[in-house]
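*Asks:* One structure is given below, represented as structure tokens, and several questions about it will come after.
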There are 2 protein chains.
Amino acid sequence: MAGAHTLAETERQVSDRLKGMSIDFSSMAVTSNLFRAATAVRNHLERSVLAPHGLSWTAFVVLWVVWIWEPIETRQIAEEGGFSKATLTGVLSTLENRKLAIRKKSKEDGRLVLVELTPAGRKLMQELFPEFNQQEQFVAGAVPADKRDELAEALRRITANIEKND
Amino acid sequence: MAGAHTLAETERQVSDRLKGMSIDFSSMAVTSNLFRAATAVRNHLERSVLAPHGLSWTAFVVLWVVWIWEPIETRQIAEEGGFSKATLTGVLSTLENRKLAIRKKSKEDGRLVLVELTPAGRKLMQELFPEFNQQEQFVAGAVPADKRDELAEALRRITANIEKND
DNA sequence: CGGAAATCGTTTGGTTGCTAACAATCTCAA
DNA sequence: TTGAGATTGTTAGCAACCAAACGATTTCCG
């Protein structure tokens with residue numbers, strides 16, 4: 001994701017292509033840097049924390065959500081994690097095969113499936129999440145400490161604004 | 001990607017799971033909101049701008065990079081766009097079949113392949129990019145205008161910091 | 001020169017993710 | 001009570017993406 005050209009070079013080239021059109025470069029910089037950062041952070045966390053444990057990004061998110069909220073319904077896992085319920089089905093089966101999580105049918109509603117971690121799953125998260133958060137601190141460390149909450153808030157506003165208008 | 005729980009609820013639950021461990025919630029908020037925002041923005045841009053033209057996200061990025069820098073070598077497209085050269089091969093073939101881009105063998109170096117847009121490809125980008133940037137403005141509009149450059153800069157620092165230490 | 005090493009784009013094989021269709025189950029109004 | 005409609009998790013089919021292996025070409029150095 002490392003751009004081979006600087007932002008200034010790109011802006012000049014884009015200006016050539018867009019003579020007479022009104023382009024907002026600040027907005028462009030926000031979105032493009034958002035994607036670059038998200039990709040870089042995800043790759044970094046996958047390599048430094050998840051890969052050594054043989055976990056995919058989605059598998060970790062599922063473990064995380066279940067760890068926090070167990071017992072939890074599968075539809076809630078998908079919503080909280082931000083992926084489709086079909087995707088969840090496959091990941092959940094993998095986690096079940098690895099004895100990290102288990103499915104239980106709901107007694108109140110026969111359509112629902114509840115998910116819990118196994119003791120092994122809880123133990124894994126207890127050692128894995130501190131590692132994960134340590135790398136999150138490394139990532140956020142690129143921004144001055146007194147600006148991090150402001151950054152998180154700005155990102156939260158962007159998400160909320162989109163979800164409001166869909 | 002809409003969390004079913006508030007951040008405060010999540011923090012309380014996480015605290016229960018992490019008694020005695022030191023977790024930095026500010027860093028956690030930065031990364032989690034980074035992913036939520038990136039996913040929301042990408043989905044929004046795909047639905048509002050790209051899908052009506054039958055373009056995938058990656059296909060649009062390729063068109064964009066080629067549009068700005070043509071003629072450009074494929075390896076540079078992949079680097080600039082942030083995906084593998086294997087992925088690029090497939091996307092490029094699709095764009096070639098749709099008569100939006102063309103491959104040309106380099107005369108100086110027989111291993112290289114140069115890519116250009118067709119006239120139809122340039123015309124498409126001339127009408128597509130203003131639409132795209134308009135939605136970028138909507139996205140960035142959630143953040144006060146005088147804070148957008150600061151936001152972009154913070155995200156740029158995060159990316160640079162990771163790439164420096166890999 | 002000349003051959004080993006590096007670099008290029010493509011191919012191959014596999015993973016991950018989604019949408020749409022489906023069976024099972026529950027809800028609710030007639 | 002009952003049947004139409006809504007909702008749930010799963011399945012099937014498909015698109016996107018990557019790493020590794022490969023053939024073609026160029027570069028480098030003895």
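How things are named: the first chain in the structure tokens is A, the next is B, and so on; residues count from 1 in each chain; ligands count from 1 in the order shown.
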Please provide the set of residues having any atom within 10 Å of DA15 of chain D, restricted to only C-alpha atoms (C1' of nucleotides), with same-chain residues fewer than 3 positions apart removed, written as a list in words.
*Replies:* Ser56 of chain B; DG17 and DC18 of chain C
*Asks:* Dump C-alpha atoms (C1' of nucleotides) for the selected residues as a PDB file, in the first residue's frame?
*Replies:*
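Printed below is part-v8.pdb as written:
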ATOM      1  CA  SER B  56     -15.495  -3.554  -8.380  1.00  0.00           C
TER       2      SER B  56
ATOM      3  C1'  DG C  17     -15.908 -13.487   1.772  1.00  0.00           C
ATOM      4  C1'  DC C  18     -20.589 -12.416  -0.150  1.00  0.00           C
TER       5       DC C  18
END
*Asks:* Given only C-alpha atoms (C1' of nucleotides), how would the per-residue table for chain B near chain D read, listing every residue at most 8 Å away with its closest atom pair and distance in Å to one decimal, sorted by chain and number, as a tab-separated table?
*Replies:*
residue	atom	partner	partner_atom	distance
B:Ser84	CA	D:DC18	C1'	6.9
B:Ala86	CA	D:DC18	C1'	7.4
B:Thr87	CA	D:DC17	C1'	6.1
B:Asp109	CA	D:DT26	C1'	7.3
B:Gly110	CA	D:DT25	C1'	5.9
B:Arg111	CA	D:DT25	C1'	5.4
*Asks:* Counting only C-alpha atoms (C1' of nucleotides), collect the residues of chain B whose closest atom lies at most 12 Å from chain C, and write them out as a VMD selection string.
*Replies:* chain B and resid 73 to 76 78 84 to 90 92 to 93 103 105 to 106 109 to 114
*Asks:* Quick one: of A:Glu80, A:Val49, A:Phe129, A:Ala59, who's nearest to chain B, counting only C-alpha atoms?
*Replies:* A:Glu80
*Asks:* Select, from A:Ser26, A:Arg12, A:Pro130, A:Thr118, the residue with the minimum atom-to-atom distance to Val143 of chain B, counting only C-alpha atoms.
*Replies:*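 Once distances to Val143 of chain B are computed over only C-alpha atoms, the minimum belongs to A:Ser26.
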*Asks:* What parts of chain A does DSSP call strand (DSSP E or B)? I'd like the answer as a PyMOL selection string.
*Replies:* chain A and resi 72-73+101-105+113-117
*Asks:* Would you kindly return, as number ranges by chain, each protein, DNA or RNA residue with an atom no farther than 10 Å from any atom of Asn33 of chain B, considering only C-alpha atoms (C1' of nucleotides) and excluding same-chain residues fewer than 3 positions away?
*Replies:* A: 38, 151-159; B: 27-30, 36-39
*Asks:* Write to file, as a PDB file, in the first residue's frame, the residues of the selection just made, with N, CA and C atoms.
*Replies:*
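What follows is the written file out00.pdb:
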ATOM      1  N   ALA A  38      -5.959   1.542   7.201  1.00  0.00           N
ATOM      2  CA  ALA A  38      -6.700   0.346   7.613  1.00  0.00           C
ATOM      3  C   ALA A  38      -6.009  -0.918   7.106  1.00  0.00           C
ATOM      4  N   LEU A 151      -8.963  11.422  17.322  1.00  0.00           N
ATOM      5  CA  LEU A 151      -8.915  10.634  16.090  1.00  0.00           C
ATOM      6  C   LEU A 151     -10.015   9.582  16.077  1.00  0.00           C
ATOM      7  N   ALA A 152     -10.129   8.850  17.168  1.00  0.00           N
ATOM      8  CA  ALA A 152     -11.171   7.824  17.254  1.00  0.00           C
ATOM      9  C   ALA A 152     -12.560   8.443  17.073  1.00  0.00           C
ATOM     10  N   GLU A 153     -12.746   9.597  17.661  1.00  0.00           N
ATOM     11  CA  GLU A 153     -14.045  10.265  17.564  1.00  0.00           C
ATOM     12  C   GLU A 153     -14.344  10.702  16.132  1.00  0.00           C
ATOM     13  N   ALA A 154     -13.348  11.206  15.444  1.00  0.00           N
ATOM     14  CA  ALA A 154     -13.553  11.609  14.048  1.00  0.00           C
ATOM     15  C   ALA A 154     -13.946  10.403  13.198  1.00  0.00           C
ATOM     16  N   LEU A 155     -13.269   9.277  13.415  1.00  0.00           N
ATOM     17  CA  LEU A 155     -13.584   8.063  12.658  1.00  0.00           C
ATOM     18  C   LEU A 155     -14.988   7.573  12.994  1.00  0.00           C
ATOM     19  N   ARG A 156     -15.337   7.680  14.266  1.00  0.00           N
ATOM     20  CA  ARG A 156     -16.675   7.266  14.682  1.00  0.00           C
ATOM     21  C   ARG A 156     -17.738   8.129  14.010  1.00  0.00           C
ATOM     22  N   ARG A 157     -17.468   9.396  13.869  1.00  0.00           N
ATOM     23  CA  ARG A 157     -18.435  10.288  13.217  1.00  0.00           C
ATOM     24  C   ARG A 157     -18.623   9.915  11.756  1.00  0.00           C
ATOM     25  N   ILE A 158     -17.523   9.565  11.110  1.00  0.00           N
ATOM     26  CA  ILE A 158     -17.616   9.180   9.693  1.00  0.00           C
ATOM     27  C   ILE A 158     -18.511   7.956   9.539  1.00  0.00           C
ATOM     28  N   THR A 159     -18.279   6.954  10.380  1.00  0.00           N
ATOM     29  CA  THR A 159     -19.094   5.743  10.313  1.00  0.00           C
ATOM     30  C   THR A 159     -20.563   6.056  10.582  1.00  0.00           C
TER      31      THR A 159
ATOM     32  N   SER B  27      -6.100   3.336  22.466  1.00  0.00           N
ATOM     33  CA  SER B  27      -5.537   2.673  21.293  1.00  0.00           C
ATOM     34  C   SER B  27      -6.538   1.697  20.697  1.00  0.00           C
ATOM     35  N   MET B  28      -7.252   1.002  21.566  1.00  0.00           N
ATOM     36  CA  MET B  28      -8.272   0.066  21.093  1.00  0.00           C
ATOM     37  C   MET B  28      -9.342   0.803  20.310  1.00  0.00           C
ATOM     38  N   ALA B  29      -9.745   1.961  20.802  1.00  0.00           N
ATOM     39  CA  ALA B  29     -10.778   2.734  20.107  1.00  0.00           C
ATOM     40  C   ALA B  29     -10.284   3.217  18.753  1.00  0.00           C
ATOM     41  N   VAL B  30      -9.008   3.591  18.687  1.00  0.00           N
ATOM     42  CA  VAL B  30      -8.463   4.056  17.405  1.00  0.00           C
ATOM     43  C   VAL B  30      -8.542   2.951  16.366  1.00  0.00           C
ATOM     44  N   ARG B  36     -14.003   0.034  11.336  1.00  0.00           N
ATOM     45  CA  ARG B  36     -15.414   0.305  11.080  1.00  0.00           C
ATOM     46  C   ARG B  36     -15.572   1.385  10.025  1.00  0.00           C
ATOM     47  N   ALA B  37     -14.806   2.443  10.159  1.00  0.00           N
ATOM     48  CA  ALA B  37     -14.929   3.557   9.212  1.00  0.00           C
ATOM     49  C   ALA B  37     -14.503   3.122   7.811  1.00  0.00           C
ATOM     50  N   ALA B  38     -13.396   2.412   7.710  1.00  0.00           N
ATOM     51  CA  ALA B  38     -12.907   2.002   6.394  1.00  0.00           C
ATOM     52  C   ALA B  38     -13.929   1.105   5.697  1.00  0.00           C
ATOM     53  N   THR B  39     -14.503   0.172   6.441  1.00  0.00           N
ATOM     54  CA  THR B  39     -15.511  -0.717   5.858  1.00  0.00           C
ATOM     55  C   THR B  39     -16.747   0.056   5.429  1.00  0.00           C
TER      56      THR B  39
END
*Asks:* Mind the document's chain letters and residue numbers, and return as a PyMOL selection string the residues of chain A that DSSP labels helix (DSSP H, G or I).
*Replies:* chain A and resi 7-17+25-53+57-69+74-81+85-97+119-140+145-164
*Asks:* Can you write out the residues you just picked, keeping C-alpha atoms, as an mmCIF file, in the first residue's frame?
*Replies:*
data_model
loop_
_atom_site.group_PDB
_atom_site.id
_atom_site.type_symbol
_atom_site.label_atom_id
_atom_site.label_comp_id
_atom_site.auth_asym_id
_atom_site.auth_seq_id
_atom_site.Cartn_x
_atom_site.Cartn_y
_atom_site.Cartn_z
ATOM 1 C CA LEU A 7 0.622 13.295 -2.378
ATOM 2 C CA ALA A 8 1.891 16.487 -3.975
ATOM 3 C CA GLU A 9 2.839 14.658 -7.158
ATOM 4 C CA THR A 10 -0.501 12.928 -7.272
ATOM 5 C CA GLU A 11 -2.354 16.199 -6.770
ATOM 6 C CA ARG A 12 -0.525 17.817 -9.653
ATOM 7 C CA GLN A 13 -1.220 14.889 -11.958
ATOM 8 C CA VAL A 14 -4.857 14.772 -10.901
ATOM 9 C CA SER A 15 -5.179 18.485 -11.535
ATOM 10 C CA ASP A 16 -4.027 17.909 -15.087
ATOM 11 C CA ARG A 17 -6.722 15.303 -15.578
ATOM 12 C CA PHE A 25 -8.387 17.301 -2.238
ATOM 13 C CA SER A 26 -8.853 17.336 1.509
ATOM 14 C CA SER A 27 -11.731 14.864 1.271
ATOM 15 C CA MET A 28 -9.723 12.793 -1.169
ATOM 16 C CA ALA A 29 -6.811 12.707 1.253
ATOM 17 C CA VAL A 30 -9.078 11.620 4.097
ATOM 18 C CA THR A 31 -10.510 8.627 2.261
ATOM 19 C CA SER A 32 -7.324 7.460 0.578
ATOM 20 C CA ASN A 33 -5.331 7.652 3.795
ATOM 21 C CA LEU A 34 -8.160 5.910 5.601
ATOM 22 C CA PHE A 35 -7.836 2.890 3.316
ATOM 23 C CA ARG A 36 -4.060 2.864 3.398
ATOM 24 C CA ALA A 37 -4.021 2.999 7.175
ATOM 25 C CA ALA A 38 -6.700 0.346 7.613
ATOM 26 C CA THR A 39 -4.884 -2.044 5.285
ATOM 27 C CA ALA A 40 -1.513 -1.416 6.894
ATOM 28 C CA VAL A 41 -2.853 -1.839 10.423
ATOM 29 C CA ARG A 42 -4.740 -4.994 9.594
ATOM 30 C CA ASN A 43 -1.722 -6.553 7.884
ATOM 31 C CA HIS A 44 0.478 -5.608 10.797
ATOM 32 C CA LEU A 45 -1.842 -7.106 13.403
ATOM 33 C CA GLU A 46 -2.324 -10.246 11.342
ATOM 34 C CA ARG A 47 1.394 -10.805 10.948
ATOM 35 C CA SER A 48 2.537 -9.850 14.429
ATOM 36 C CA VAL A 49 -0.242 -11.357 16.535
ATOM 37 C CA LEU A 50 -2.682 -13.563 14.635
ATOM 38 C CA ALA A 51 -0.598 -15.566 12.167
ATOM 39 C CA PRO A 52 1.621 -17.126 14.882
ATOM 40 C CA HIS A 53 -1.558 -18.603 16.356
ATOM 41 C CA TRP A 57 -8.634 -11.791 11.055
ATOM 42 C CA THR A 58 -12.289 -12.778 11.021
ATOM 43 C CA ALA A 59 -11.685 -15.751 13.287
ATOM 44 C CA PHE A 60 -10.083 -13.432 15.821
ATOM 45 C CA VAL A 61 -12.961 -10.968 15.658
ATOM 46 C CA VAL A 62 -15.396 -13.796 16.276
ATOM 47 C CA LEU A 63 -13.388 -15.031 19.248
ATOM 48 C CA TRP A 64 -13.195 -11.493 20.571
ATOM 49 C CA VAL A 65 -16.927 -10.810 20.311
ATOM 50 C CA VAL A 66 -17.877 -14.159 21.817
ATOM 51 C CA TRP A 67 -15.314 -13.734 24.577
ATOM 52 C CA ILE A 68 -16.823 -10.417 25.591
ATOM 53 C CA TRP A 69 -20.501 -11.261 25.290
ATOM 54 C CA THR A 74 -24.828 -15.819 15.980
ATOM 55 C CA ARG A 75 -26.727 -12.954 14.365
ATOM 56 C CA GLN A 76 -25.290 -10.621 16.989
ATOM 57 C CA ILE A 77 -21.773 -11.879 16.335
ATOM 58 C CA ALA A 78 -22.152 -11.099 12.653
ATOM 59 C CA GLU A 79 -23.538 -7.639 13.324
ATOM 60 C CA GLU A 80 -20.942 -6.782 15.939
ATOM 61 C CA GLY A 81 -18.113 -8.117 13.805
ATOM 62 C CA LYS A 85 -24.009 -14.488 8.678
ATOM 63 C CA ALA A 86 -22.937 -16.815 5.883
ATOM 64 C CA THR A 87 -19.321 -15.930 6.519
ATOM 65 C CA LEU A 88 -19.838 -16.522 10.196
ATOM 66 C CA THR A 89 -21.129 -20.051 9.623
ATOM 67 C CA GLY A 90 -17.859 -21.143 8.065
ATOM 68 C CA VAL A 91 -15.617 -19.418 10.572
ATOM 69 C CA LEU A 92 -17.640 -20.794 13.458
ATOM 70 C CA SER A 93 -17.303 -24.337 12.150
ATOM 71 C CA THR A 94 -13.558 -23.888 11.959
ATOM 72 C CA LEU A 95 -13.419 -22.591 15.523
ATOM 73 C CA GLU A 96 -15.565 -25.502 16.651
ATOM 74 C CA ASN A 97 -13.258 -28.002 14.978
ATOM 75 C CA PRO A 119 -12.094 -23.246 28.327
ATOM 76 C CA ALA A 120 -9.298 -23.538 25.755
ATOM 77 C CA GLY A 121 -10.819 -20.654 23.813
ATOM 78 C CA ARG A 122 -10.955 -18.470 26.905
ATOM 79 C CA LYS A 123 -7.406 -19.300 27.811
ATOM 80 C CA LEU A 124 -6.279 -18.433 24.303
ATOM 81 C CA MET A 125 -7.987 -15.045 24.428
ATOM 82 C CA GLN A 126 -6.570 -14.261 27.834
ATOM 83 C CA GLU A 127 -3.076 -14.490 26.463
ATOM 84 C CA LEU A 128 -3.843 -13.305 22.960
ATOM 85 C CA PHE A 129 -5.692 -10.087 23.648
ATOM 86 C CA PRO A 130 -2.969 -8.417 25.708
ATOM 87 C CA GLU A 131 -0.595 -9.097 22.815
ATOM 88 C CA PHE A 132 -3.142 -7.678 20.436
ATOM 89 C CA ASN A 133 -3.672 -4.557 22.502
ATOM 90 C CA GLN A 134 0.064 -4.081 22.796
ATOM 91 C CA GLN A 135 0.290 -3.929 19.030
ATOM 92 C CA GLU A 136 -2.691 -1.603 18.981
ATOM 93 C CA GLN A 137 -0.688 0.667 21.232
ATOM 94 C CA PHE A 138 2.207 0.500 18.809
ATOM 95 C CA VAL A 139 -0.151 1.433 15.972
ATOM 96 C CA ALA A 140 -1.811 4.290 17.824
ATOM 97 C CA ALA A 145 -1.386 10.562 23.048
ATOM 98 C CA ASP A 146 -3.527 13.635 23.515
ATOM 99 C CA LYS A 147 -4.872 13.350 19.958
ATOM 100 C CA ARG A 148 -5.914 9.689 19.959
ATOM 101 C CA ASP A 149 -9.381 10.112 21.400
ATOM 102 C CA GLU A 150 -10.000 12.907 18.936
ATOM 103 C CA LEU A 151 -8.915 10.634 16.090
ATOM 104 C CA ALA A 152 -11.171 7.824 17.254
ATOM 105 C CA GLU A 153 -14.045 10.265 17.564
ATOM 106 C CA ALA A 154 -13.553 11.609 14.048
ATOM 107 C CA LEU A 155 -13.584 8.063 12.658
ATOM 108 C CA ARG A 156 -16.675 7.266 14.682
ATOM 109 C CA ARG A 157 -18.435 10.288 13.217
ATOM 110 C CA ILE A 158 -17.616 9.180 9.693
ATOM 111 C CA THR A 159 -19.094 5.743 10.313
ATOM 112 C CA ALA A 160 -22.190 7.121 12.019
ATOM 113 C CA ASN A 161 -22.812 9.652 9.276
ATOM 114 C CA ILE A 162 -22.791 6.955 6.599
ATOM 115 C CA GLU A 163 -25.007 4.572 8.515
ATOM 116 C CA LYS A 164 -27.459 7.373 9.157
#
*Asks:* Please measure the separation of atom CA of Gly54 of chain B and atom CA of Leu100 of chain B, giving the value in Å to one decimal.
*Replies:* 12.4 Å
*Asks:* If you measure from atom CA of Glu116 of chain A to atom CA of Leu55 of chain A, what distance in Å do you get, rounded to one decimal?
*Replies:*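 Distance between the two atoms: 17.5 Å.
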*Asks:* With only C-alpha atoms as the atoms that count, which of A:Pro71, A:Gly20, A:Gly141, A:Gly82 lies nearest to chain B?
*Replies:*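 The shortest atom-to-atom distance to chain B comes from A:Gly82.
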